[in-house]
Amino acid sequence: MHNLKSALKGQYHAALRTRKPDRTPPPIYSISRGVGVHVISSSTVIQGTSWADATTELDLVRRVNDCAAAWCAAYPKRFAGSFVLPLQDVELSLREMERATRELKLNVANLSASYAGHYLGHARFHPFWEAAARGGVTVFIHPEGVKDLWFQDFGLWNSVGQPIEEAKVMSSIIYEGIFDRFPGVKIVMAHGGGYLPHYFGRLDRNVTNMPESVRHISRKPSDYLAAFYYDTCTYTPTVTGALVRQVGAERLVMGSDYSVGDPDPIGSVKAVANIPAEALPLVTGGTAAKLLGLGAR
C-alpha cells in the first residue's frame, strides 16, 4: 500500500509540474454585485500546496503567483492580486515574496494558518514577519483545512474546523508577540477571525492565573484583537455585529468567499445594525483600499 501511495503521489506531482496554468482571466460578475475591485486569492483549501516537498511547492506557488499577476495586468482597474508562499521553507518564501512584490507587483500575502505543524506565530516565521512589516505587505490568513478525521463527517472541517484553525493561528500570533516584535504588521483574518474574538475571557483570566502565558506580550491578550483586521464573511449579521462591538467597524473589510459563499456581500454588510452609515464606505471598500495601497481607481 505504501508503494502504491508513493507511486500515485509521484504521478500526481509529475502531472502538476507539466500542466500549464490557464492565465485567461475569469469572467467578471462583480458589476451586478456592486463590487468594483476584487482581490484575487488562491483558495488555500482547494489549491493548497503544503503537501509537496519544498522545491515542488516553490514551482507550484510561482505558477499561481504568475497567473494572479497576469489577471491583474489584463484588468488593472478591476483586480488586485495576492501571492502564496512555500512557507515550509522560510528562505525560499522570502525570495519568492521579493519576486512577487517587486516584479509581479502583488502586495498581499495569502497564507494558511500553519505550515509543517507550526502556526504562524512560531519563531521560525519571524524572518517572514520582519520582511512583511518592513515591506508594507498585507497578510491575509485563510486556513488550508483540517486533517483530523473527526472533522470530515458532515462537512465539519469547514463549518467548525476552519473557525478553530483561525482561533489557533490568532492565539499563536498574539502569544508569540508578533505585534510587539513587528509593529505595523497588517493582518486580515478570514471569516471574521473564527471563534477567538467572541471567547476571549479565558485568555485574559490567565494573565493572573497563568502569568507565564503572557511572557512574550506587553498587554492582556484581548487588547490584541483590535490589532487584526477581519473580513465580514461570517454568514450572519449577529456575529458580524458582535465583532463590531469588540473591535470597531474600522477593523472590518468586506469578504464574500466568492464564488462559493455569500452571493450578496454588500447586502450582508448593510444588514449589520451597528455599522453606522458613515462607516459603510470604509467596510465595503475604503479600509481595504488603504491596506492594499490601491488609491483611486
# chains A, B, ... in the order shown; residues from 1 in each chain; ligands from 1
call {"tool": "residues_around", "arguments": {"residues": "Gln47 (chain A)", "least_positions_apart": "5", "cutoff": "12 Å", "atoms": "only C-alpha atoms", "output": "compact mmCIF listing (two decimals) with C-alpha atoms, in the first residue's frame"}}
result
# COMPACT_ATOMS: atom_id res chain seq x y z
CA LEU A 16 1.11 19.19 -11.78
CA SER A 41 -6.63 35.00 -3.81
CA SER A 42 -5.79 31.38 -4.44
CA ALA A 52 4.53 18.94 -1.67
CA GLU A 57 5.89 23.71 -3.79
CA LEU A 60 3.59 25.47 -7.84
CA VAL A 61 3.27 28.76 -5.97
CA ARG A 63 2.73 29.39 -11.23
CA VAL A 64 -0.15 30.62 -9.08
CA VAL A 84 1.14 32.48 -1.99
CA ASN A 110 -2.26 34.88 1.06
CA LEU A 111 -1.33 32.39 3.79
CA SER A 112 -2.68 29.33 5.53
CA HIS A 142 -7.25 31.63 5.46
CA PRO A 143 -6.77 28.09 6.85
CA GLU A 144 -5.94 25.27 4.46
CA GLY A 145 -8.49 22.94 6.05
call {"tool": "select_by_dssp", "arguments": {"residues": "region 26-256 of chain A", "states": "strand (DSSP E or B)", "output": "list in words"}}
result
His38, Val39, Ile40, Phe79, Ala80, Gly81, Phe83, Val108, Ala109, Asn110, Leu111, Ser114, Tyr115, His118, Tyr119, Thr138, Val139, Phe140, Ile141, Lys186, Ile187, Val188, Met189, Tyr229, Tyr230, Asp231, Leu252 and Val253 of chain A
call {"tool": "residues_around", "arguments": {"residues": "Ser218 (chain A)", "least_positions_apart": "4", "cutoff": "12 Å", "atoms": "only C-alpha atoms", "output": "number ranges by chain"}}
result
A: 174-181, 207, 211, 213-214, 222-224
call {"tool": "write_last_selection", "arguments": {"atoms": "N, CA, C and O atoms", "output": "mmCIF file, in the first residue's frame"}}
result
data_model
loop_
_atom_site.group_PDB
_atom_site.id
_atom_site.type_symbol
_atom_site.label_atom_id
_atom_site.label_comp_id
_atom_site.auth_asym_id
_atom_site.auth_seq_id
_atom_site.Cartn_x
_atom_site.Cartn_y
_atom_site.Cartn_z
ATOM 1 N N ILE A 174 -0.762 36.187 18.683
ATOM 2 C CA ILE A 174 -0.845 37.030 19.880
ATOM 3 C C ILE A 174 0.200 36.613 20.909
ATOM 4 O O ILE A 174 1.018 37.433 21.361
ATOM 5 N N TYR A 175 0.181 35.338 21.303
ATOM 6 C CA TYR A 175 1.018 34.897 22.418
ATOM 7 C C TYR A 175 2.504 34.860 22.076
ATOM 8 O O TYR A 175 3.350 35.005 22.983
ATOM 9 N N GLU A 176 2.836 34.678 20.815
ATOM 10 C CA GLU A 176 4.244 34.700 20.431
ATOM 11 C C GLU A 176 4.767 36.125 20.253
ATOM 12 O O GLU A 176 5.951 36.323 19.979
ATOM 13 N N GLY A 177 3.887 37.116 20.414
ATOM 14 C CA GLY A 177 4.335 38.507 20.438
ATOM 15 C C GLY A 177 4.619 39.123 19.082
ATOM 16 O O GLY A 177 5.443 40.036 18.981
ATOM 17 N N ILE A 178 3.932 38.655 18.039
ATOM 18 C CA ILE A 178 4.199 39.176 16.694
ATOM 19 C C ILE A 178 3.928 40.672 16.607
ATOM 20 O O ILE A 178 4.717 41.431 16.021
ATOM 21 N N PHE A 179 2.842 41.136 17.208
ATOM 22 C CA PHE A 179 2.521 42.565 17.125
ATOM 23 C C PHE A 179 3.510 43.407 17.927
ATOM 24 O O PHE A 179 3.747 44.569 17.587
ATOM 25 N N ASP A 180 4.070 42.863 18.991
ATOM 26 C CA ASP A 180 5.076 43.595 19.759
ATOM 27 C C ASP A 180 6.431 43.593 19.061
ATOM 28 O O ASP A 180 7.141 44.600 19.063
ATOM 29 N N ARG A 181 6.777 42.460 18.467
ATOM 30 C CA ARG A 181 8.077 42.352 17.801
ATOM 31 C C ARG A 181 8.128 43.121 16.489
ATOM 32 O O ARG A 181 9.177 43.664 16.119
ATOM 33 N N VAL A 207 -4.005 35.810 32.516
ATOM 34 C CA VAL A 207 -2.969 36.790 32.828
ATOM 35 C C VAL A 207 -2.594 36.687 34.299
ATOM 36 O O VAL A 207 -1.416 36.796 34.673
ATOM 37 N N PRO A 211 0.492 33.490 34.730
ATOM 38 C CA PRO A 211 1.245 34.659 34.232
ATOM 39 C C PRO A 211 2.333 34.318 33.228
ATOM 40 O O PRO A 211 2.704 35.150 32.402
ATOM 41 N N SER A 213 1.993 32.604 30.727
ATOM 42 C CA SER A 213 1.400 32.527 29.393
ATOM 43 C C SER A 213 1.563 33.830 28.619
ATOM 44 O O SER A 213 1.422 33.834 27.398
ATOM 45 N N VAL A 214 1.824 34.921 29.310
ATOM 46 C CA VAL A 214 1.929 36.218 28.626
ATOM 47 C C VAL A 214 3.363 36.742 28.640
ATOM 48 O O VAL A 214 3.601 37.945 28.570
ATOM 49 N N SER A 222 -6.699 40.085 25.003
ATOM 50 C CA SER A 222 -7.832 40.665 24.271
ATOM 51 C C SER A 222 -7.502 42.025 23.677
ATOM 52 O O SER A 222 -8.146 42.449 22.706
ATOM 53 N N ASP A 223 -6.500 42.707 24.228
ATOM 54 C CA ASP A 223 -6.125 44.009 23.668
ATOM 55 C C ASP A 223 -5.578 43.876 22.253
ATOM 56 O O ASP A 223 -5.568 44.857 21.495
ATOM 57 N N TYR A 224 -5.111 42.693 21.903
ATOM 58 C CA TYR A 224 -4.536 42.493 20.571
ATOM 59 C C TYR A 224 -5.594 42.171 19.519
ATOM 60 O O TYR A 224 -5.280 42.166 18.327
#
call {"tool": "closest_residue", "arguments": {"among": "A:Ala133, A:Leu294, A:Ala74, A:Ala113", "to": "Val146 (chain A)", "atoms": "only C-alpha atoms"}}
result
A:Ala113
call {"tool": "atom_distance", "arguments": {"atom1": "CA of Gly286 (chain A)", "atom2": "CA of Ala249 (chain A)"}}
result
11.6 Å
call {"tool": "residues_around", "arguments": {"residues": "Leu94 (chain A)", "least_positions_apart": "6", "cutoff": "9 Å", "atoms": "only C-alpha atoms", "output": "PyMOL selection string"}}
result
chain A and resi 85+87+127-128+131
call {"tool": "write_last_selection", "arguments": {"atoms": "N, CA, C and O atoms", "output": "PDB file, in the first residue's frame"}}
result
ATOM      1  N   LEU A  85       2.958  31.474  -0.759  1.00  0.00           N
ATOM      2  CA  LEU A  85       4.359  31.201  -0.448  1.00  0.00           C
ATOM      3  C   LEU A  85       4.550  29.756   0.013  1.00  0.00           C
ATOM      4  O   LEU A  85       3.644  29.173   0.629  1.00  0.00           O
ATOM      5  N   LEU A  87       5.820  28.284   2.653  1.00  0.00           N
ATOM      6  CA  LEU A  87       6.350  28.639   3.970  1.00  0.00           C
ATOM      7  C   LEU A  87       6.888  27.473   4.787  1.00  0.00           C
ATOM      8  O   LEU A  87       7.364  27.681   5.905  1.00  0.00           O
ATOM      9  N   PRO A 127      11.458  35.755  10.450  1.00  0.00           N
ATOM     10  CA  PRO A 127      12.022  36.459   9.287  1.00  0.00           C
ATOM     11  C   PRO A 127      10.955  36.879   8.284  1.00  0.00           C
ATOM     12  O   PRO A 127      11.071  37.940   7.668  1.00  0.00           O
ATOM     13  N   PHE A 128       9.925  36.050   8.125  1.00  0.00           N
ATOM     14  CA  PHE A 128       8.833  36.437   7.230  1.00  0.00           C
ATOM     15  C   PHE A 128       8.121  37.668   7.765  1.00  0.00           C
ATOM     16  O   PHE A 128       7.878  38.630   7.013  1.00  0.00           O
ATOM     17  N   ALA A 131      10.104  40.828   7.286  1.00  0.00           N
ATOM     18  CA  ALA A 131      10.108  41.290   5.897  1.00  0.00           C
ATOM     19  C   ALA A 131       8.749  41.861   5.508  1.00  0.00           C
ATOM     20  O   ALA A 131       8.676  42.871   4.791  1.00  0.00           O
TER      21      ALA A 131
END
call {"tool": "residues_around", "arguments": {"residues": "Thr284 (chain A)", "least_positions_apart": "2", "cutoff": "12 Å", "atoms": "only C-alpha atoms", "output": "PyMOL selection string"}}
result
chain A and resi 33-38+231-233+249-256+264-270+275+277-282+286-290
call {"tool": "atom_distance", "arguments": {"atom1": "CA of Leu149 (chain A)", "atom2": "CA of Glu165 (chain A)"}}
result
14.7 Å
call {"tool": "residues_around", "arguments": {"residues": "Ile40 (chain A)", "least_positions_apart": "4", "cutoff": "10 Å", "atoms": "only C-alpha atoms", "output": "PyMOL selection string"}}
result
chain A and resi 68-69+71-72+78-83+108+110+258
call {"tool": "atom_distance", "arguments": {"atom1": "CA of Ser159 (chain A)", "atom2": "CA of Ala242 (chain A)"}}
result
18.7 Å
call {"tool": "select_by_dssp", "arguments": {"residues": "region 40-258 of chain A", "states": "alpha helix (DSSP H)", "output": "number ranges by chain"}}
result
A: 54-74, 90-102, 126-135, 156, 162-175, 178-181, 201-209, 237-247
